[in-house]
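Remarks on the structure that follows.
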Amino acid sequence: MQSEIDLLQGLNDKQLQAVTLPHISALILAGAGSGKTRVLTTRIAWLIQTSQTSPMGLMAVTFTNKAAKEMLTRLTSMLPINTRGMWAGTFHGLCNRMLRAHYREAGLPSTFQILDTADQLSAIKRVMKVMNVDDEKYPPKQAMGYINGCKEEGLRADAVDAYDGHSQKLREIYAAYDQQCNRDGVADFAELLLRCYELLQREPHIRAHYQQRFQYILVDEFQDTNRLQYLWLKLLGGAHNSIFAVGDDDQSIYAFRGARVGNMSDFQRDFKVENIVKLEENYRSHSNILDAANAIITNNTNRLGKNLWTSAGKGEPIRIYEAYNDTDESQFIVDEVNMLQNEGVPLSDIALLYRSNAQSRILEHSLFSANIPYRVYGGLRFFERAEVKHALAYIRLIANANDDTALLRIINFPPRGIGARGLEQLQEGARQNDCSLWQAATNKVGEGMLGSKGLEGFVGLIRHMIDQTYGITLGEVAEMVINLSGLMAHYQNDKEGEDRVENLQELVTAAVAFSKQDLGNHHNMEEDADLMTQFLNHASLEAGDHQADVGHEALQLMTVHAAKGLEFHSVFIGGVEEGLFPHEQAAYENGGLEEERRLMYVAVTRARQRLYLSYAQSRMLHGQVRYGIASRFIDEIPEDLTKRLNSKPAAKTYATGGQYTPAKSTQSSYPFKIGQGVRHGKFGEGVIVSYEGNASDLAVKVNFGSAGLKTLMLEYAKLEKI
DNA sequence: TTCCTACGATTTTTT
DNA sequence: ATCGTAGGAA
């Protein structure tokens with residue numbers, strides 16, 4: 001057993017202060033690269049080692065499975081404890097666990113399944129169809145956003161305000177959707193949190209149980225919590241427990257999905273936090289990089305206030321490159337990457353960051369031509385792939401035949417002659433008897449209805465599968481399902497189906513691995529759902545990681561969002577242009593620009609040694625040429641921290657691209673930046689949102705608020721800066 | 001039932 | 001440009 005001294009060794013004063021705080025609620029403002037995870041894990045280790053609590057007496061909450069895993073890994077390297085059974089995980093994972101343990105009180109079947117986003121959307125479409133809602137007027141995606149938004153605010157349909165016909169209809173859809181989920185015995189992601197919150201609120205003895213148990217609650221990335229998550233924490237934190245919240249308001253980049261930075265100040269107020277511990281010493285980057293990051297973020301208002309510093313030297317200047325178009329930009333990046341490689345920097349320690357995924361294509365193209373191995377993060381995760389979801393849907397039906405979402409996914413896949421009419425009859429039957437589609441199907445088959453051969457086959461198949469399941473392992477179940485369902489044969493016959501066949505095999509492997517890993521995991525009988533259900537949960541809650549992990553020897557390409565929490569020797573940020581970064585869409589949103597700036601702050605602070613910023617005078621976007629100017633964020637970096645790799649815009653001629661004429665001087669083409677406030681004779685005051693057209697025929701899109709969004713020819717509009 | 005075409009949208013993303 | 005979806009034709 002290591003001594004306390006060992007545990008605390010090497011911490012700086014602030015870190016030490018944070019780690020050894022007494023049993024009070026505290027807010028740790030942890031800047032980028034300030035050792036946040038270390039503080040969090042050391043705090044846990046210290047609490048346990050000094051016997052202030054046991055591994056069972058605390059709860060640690062994170063946003064991603066990756067963060068949870070890393071925390072536990074580090075913890076076991078500090079203390080020889082078994083972390084299995086510890087309440088450390090994501091909000092969703094922990095809520096799921098509570099709901100499983102108290103499924104009766106929560107009003108859920110013991111085998112309830114979790115809908116991922118795609119499942120949820122199809123469930124909503126289904127409800128809307130039953131309700132005969134015009135999906136032109138109410139796009140299902142929008143309805144989903146509405147429903148999730150409400151749930152994340154902690155509101156059920158009956159508690160939501162509806163002002164007009166439109167919102168009343170949405171509320172109706174919400175109510176009907178919840179009803180359908182209840183009947184199917186399924187819960188979407190937001191439902192896990194809301195139902196758990198309601199459970200704790202409604203059942204005093206359950207609430208008391210957990211409040212007594214979790215005397216210490218630790219929360220990571222607190223700035224990303226939404227309202228419901230905060231309410232949930234508040235409920236669990238109770239009156240006597242301590243919540244140790246770690247976060248960084250400057251790195252809040254998820255407001256668009258409901259994160260409320262305001263939770264940080266609410267927390268201070270509600271939990272009477274006296275001291276905020278600020279971790280400002282950065283162990284990652286040289287000071288030029290940090291100074292640039294500080295200079296950028298200073299332009300935001302309403303910050304809790306924090307300034308990163310380092311004892312490392314100034315380091316290299318920030319390199320800025322102005323490309324004349326996107327091809328030039330990616331070529332520049334390729335050249336520099338080659339140089340870095342020659343200098344001995346491993347490819348996996350170099351990252352190409354961009355604001356939007358669309359930017360990766362051209363980079364990939366250049367990298368491919370230059371034979372540089374790269375890895376792009378993002379896209380579909382393993383458990384989200386169609387073939388995997390199909391196989392899982394069969395398993396879901398075995399676990400809970402009332403799961404209509406699962407049934408609809410595979411009732412006719414692989415094709416077995418159940419077409420639209422047959423399905424409609426089935427749904428009608430289900431509606432009349434107010435039962436699940438499966439029950440309707442068995443009824444129909446039981447009655448010996450004619451003309452439903454396909455249906456008969458399907459019901460027989462599922463029943464057969466259920467029979468087969470008894471007494472075999474999870475891996476064997478997976479194997480049995482992909483074979484009996486015909487999925488495997490279907491993809492084997494498809495000449496494009498090679499990858500899919502592999503993924504199905506991989507699913508069997510995953511199932512086998514899961515049951516092995518799970519063998520040692522049966523401590524707690526009360527929350528011991530059967531293995532199949534656990535595996536399905538695992539598939540929904542951990543669809544696989546989007547974020548980079550142990551890099552193979554490949555260049556790392558990802559969005560800035562995906563780069564949060566990571567660091568690299570060298571970082572390229574591409575497309576640092578007005579309209580792209582900050583993104584033009586952000587100009588519409590309240591506080592959108594500040595979030596973009598925080599995003600830039602996150603991007604900049606990923607670099608240890610070297611940082612490149614590049615922008616292009618023109619770029620292909622949505623099949624059209626767009627002209628851009630350098631992002632305001634570049635202007636916000638003091639000149640003396642930067643080095644222009646090519647001379648400044650003015651009268652530059654481009655030797656590399658003789659066939660192109662450079663765009664006009666940015667000065668004359670773009671009198672206004674995106675986001676600039678303007679006044680118009682007729683429409684009043686507005687904000688420049690984007691540019692359209694080419695340099696000789698330039699139009700601006702201006703958001704005039706009440707007067708709406710207008711596209712104006714710059715030449716005639718007579719706009720005035722305000 | 002399957003395949004093709006036309007249309008629309010297209011910031012960021014975890015669970 | 002390009003991708004996914006929805007709806008119609010073979």
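A note on labels: chains of the structure tokens are A, B, ... as shown, every chain counts residues from 1, and ligands are counted from 1 in their shown order.
The list of chain B residues within 7 Å of chain A is DT11, DT12, DT14 and DT15 of chain B; this uses only C-alpha atoms (C1' of nucleotides).
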How would the residues just picked look written out with C-alpha atoms (C1' of nucleotides) as a PDB file, in the first residue's frame?
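And here's out-v7.pdb as it stands now:
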ATOM      1  C1'  DT B  11     -21.932  22.781 -37.072  1.00  0.00           C
ATOM      2  C1'  DT B  12     -20.492  20.740 -33.412  1.00  0.00           C
ATOM      3  C1'  DT B  14     -22.432  11.822 -25.890  1.00  0.00           C
ATOM      4  C1'  DT B  15     -25.375   8.727 -23.991  1.00  0.00           C
TER       5       DT B  15
END
Next on the checklist: Just list as a list in words whatever in region 123-303 of chain A DSSP marks as strand (DSSP E).
Outcome noted: Val186, Ala187, Asp188, Tyr216, Ile217, Leu218, Val219, Ser242, Ile243, Phe244, Ala245, Val246, Gly247, Ile276, Val277, Lys278 and Leu279 of chain A
Please produce a file of those selected residues containing N, CA, C and O atoms, as a compact mmCIF listing (two decimals), in the first residue's frame.
# COMPACT_ATOMS: atom_id res chain seq x y z
N VAL A 186 -39.43 0.51 -23.27
CA VAL A 186 -38.13 1.03 -23.69
C VAL A 186 -37.93 2.43 -23.13
O VAL A 186 -38.89 3.10 -22.75
N ALA A 187 -36.68 2.85 -23.07
CA ALA A 187 -36.37 4.19 -22.59
C ALA A 187 -35.27 4.80 -23.46
O ALA A 187 -34.30 4.12 -23.77
N ASP A 188 -35.46 6.04 -23.85
CA ASP A 188 -34.40 6.71 -24.60
C ASP A 188 -33.37 7.26 -23.62
O ASP A 188 -33.54 7.15 -22.40
N TYR A 216 -19.74 11.15 -0.72
CA TYR A 216 -18.88 11.94 -1.59
C TYR A 216 -19.31 11.72 -3.04
O TYR A 216 -19.37 10.59 -3.52
N ILE A 217 -19.61 12.82 -3.71
CA ILE A 217 -19.98 12.74 -5.12
C ILE A 217 -18.97 13.60 -5.89
O ILE A 217 -18.73 14.75 -5.54
N LEU A 218 -18.38 13.01 -6.91
CA LEU A 218 -17.40 13.76 -7.71
C LEU A 218 -17.89 13.84 -9.15
O LEU A 218 -18.33 12.84 -9.71
N VAL A 219 -17.85 15.03 -9.71
CA VAL A 219 -18.37 15.22 -11.07
C VAL A 219 -17.28 15.81 -11.96
O VAL A 219 -16.66 16.82 -11.62
N SER A 242 -21.18 15.98 0.09
CA SER A 242 -20.30 16.93 -0.57
C SER A 242 -20.20 16.59 -2.05
O SER A 242 -20.06 15.43 -2.42
N ILE A 243 -20.36 17.59 -2.85
CA ILE A 243 -20.16 17.41 -4.28
C ILE A 243 -18.88 18.12 -4.68
O ILE A 243 -18.68 19.31 -4.38
N PHE A 244 -18.03 17.37 -5.29
CA PHE A 244 -16.73 17.87 -5.73
C PHE A 244 -16.84 18.02 -7.24
O PHE A 244 -16.80 17.03 -7.97
N ALA A 245 -17.05 19.25 -7.69
CA ALA A 245 -17.31 19.48 -9.11
C ALA A 245 -16.08 20.04 -9.78
O ALA A 245 -15.52 21.04 -9.34
N VAL A 246 -15.66 19.37 -10.81
CA VAL A 246 -14.50 19.82 -11.55
C VAL A 246 -14.95 20.26 -12.94
O VAL A 246 -15.70 19.56 -13.60
N GLY A 247 -14.51 21.44 -13.34
CA GLY A 247 -14.93 21.89 -14.66
C GLY A 247 -14.16 23.11 -15.11
O GLY A 247 -13.31 23.63 -14.38
N ILE A 276 -13.45 28.63 -4.49
CA ILE A 276 -13.23 28.00 -5.77
C ILE A 276 -11.74 27.77 -5.87
O ILE A 276 -10.96 28.70 -5.66
N VAL A 277 -11.35 26.55 -6.14
CA VAL A 277 -9.93 26.29 -6.32
C VAL A 277 -9.64 26.39 -7.81
O VAL A 277 -10.24 25.69 -8.61
N LYS A 278 -8.73 27.27 -8.15
CA LYS A 278 -8.39 27.43 -9.57
C LYS A 278 -7.08 26.73 -9.89
O LYS A 278 -6.05 27.01 -9.28
N LEU A 279 -7.15 25.83 -10.82
CA LEU A 279 -5.92 25.19 -11.30
C LEU A 279 -5.52 25.89 -12.58
O LEU A 279 -6.16 25.72 -13.61
Item to check | chain A contacts on chain C, only C-alpha atoms (C1' of nucleotides), 12 Å, as a list of chain:residue names | outcome: C:DA1, C:DT2, C:DC3
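Taking CA of Ala162 (chain A) and CA of Lys125 (chain A) as the two end points, the separation is 21.2 Å.
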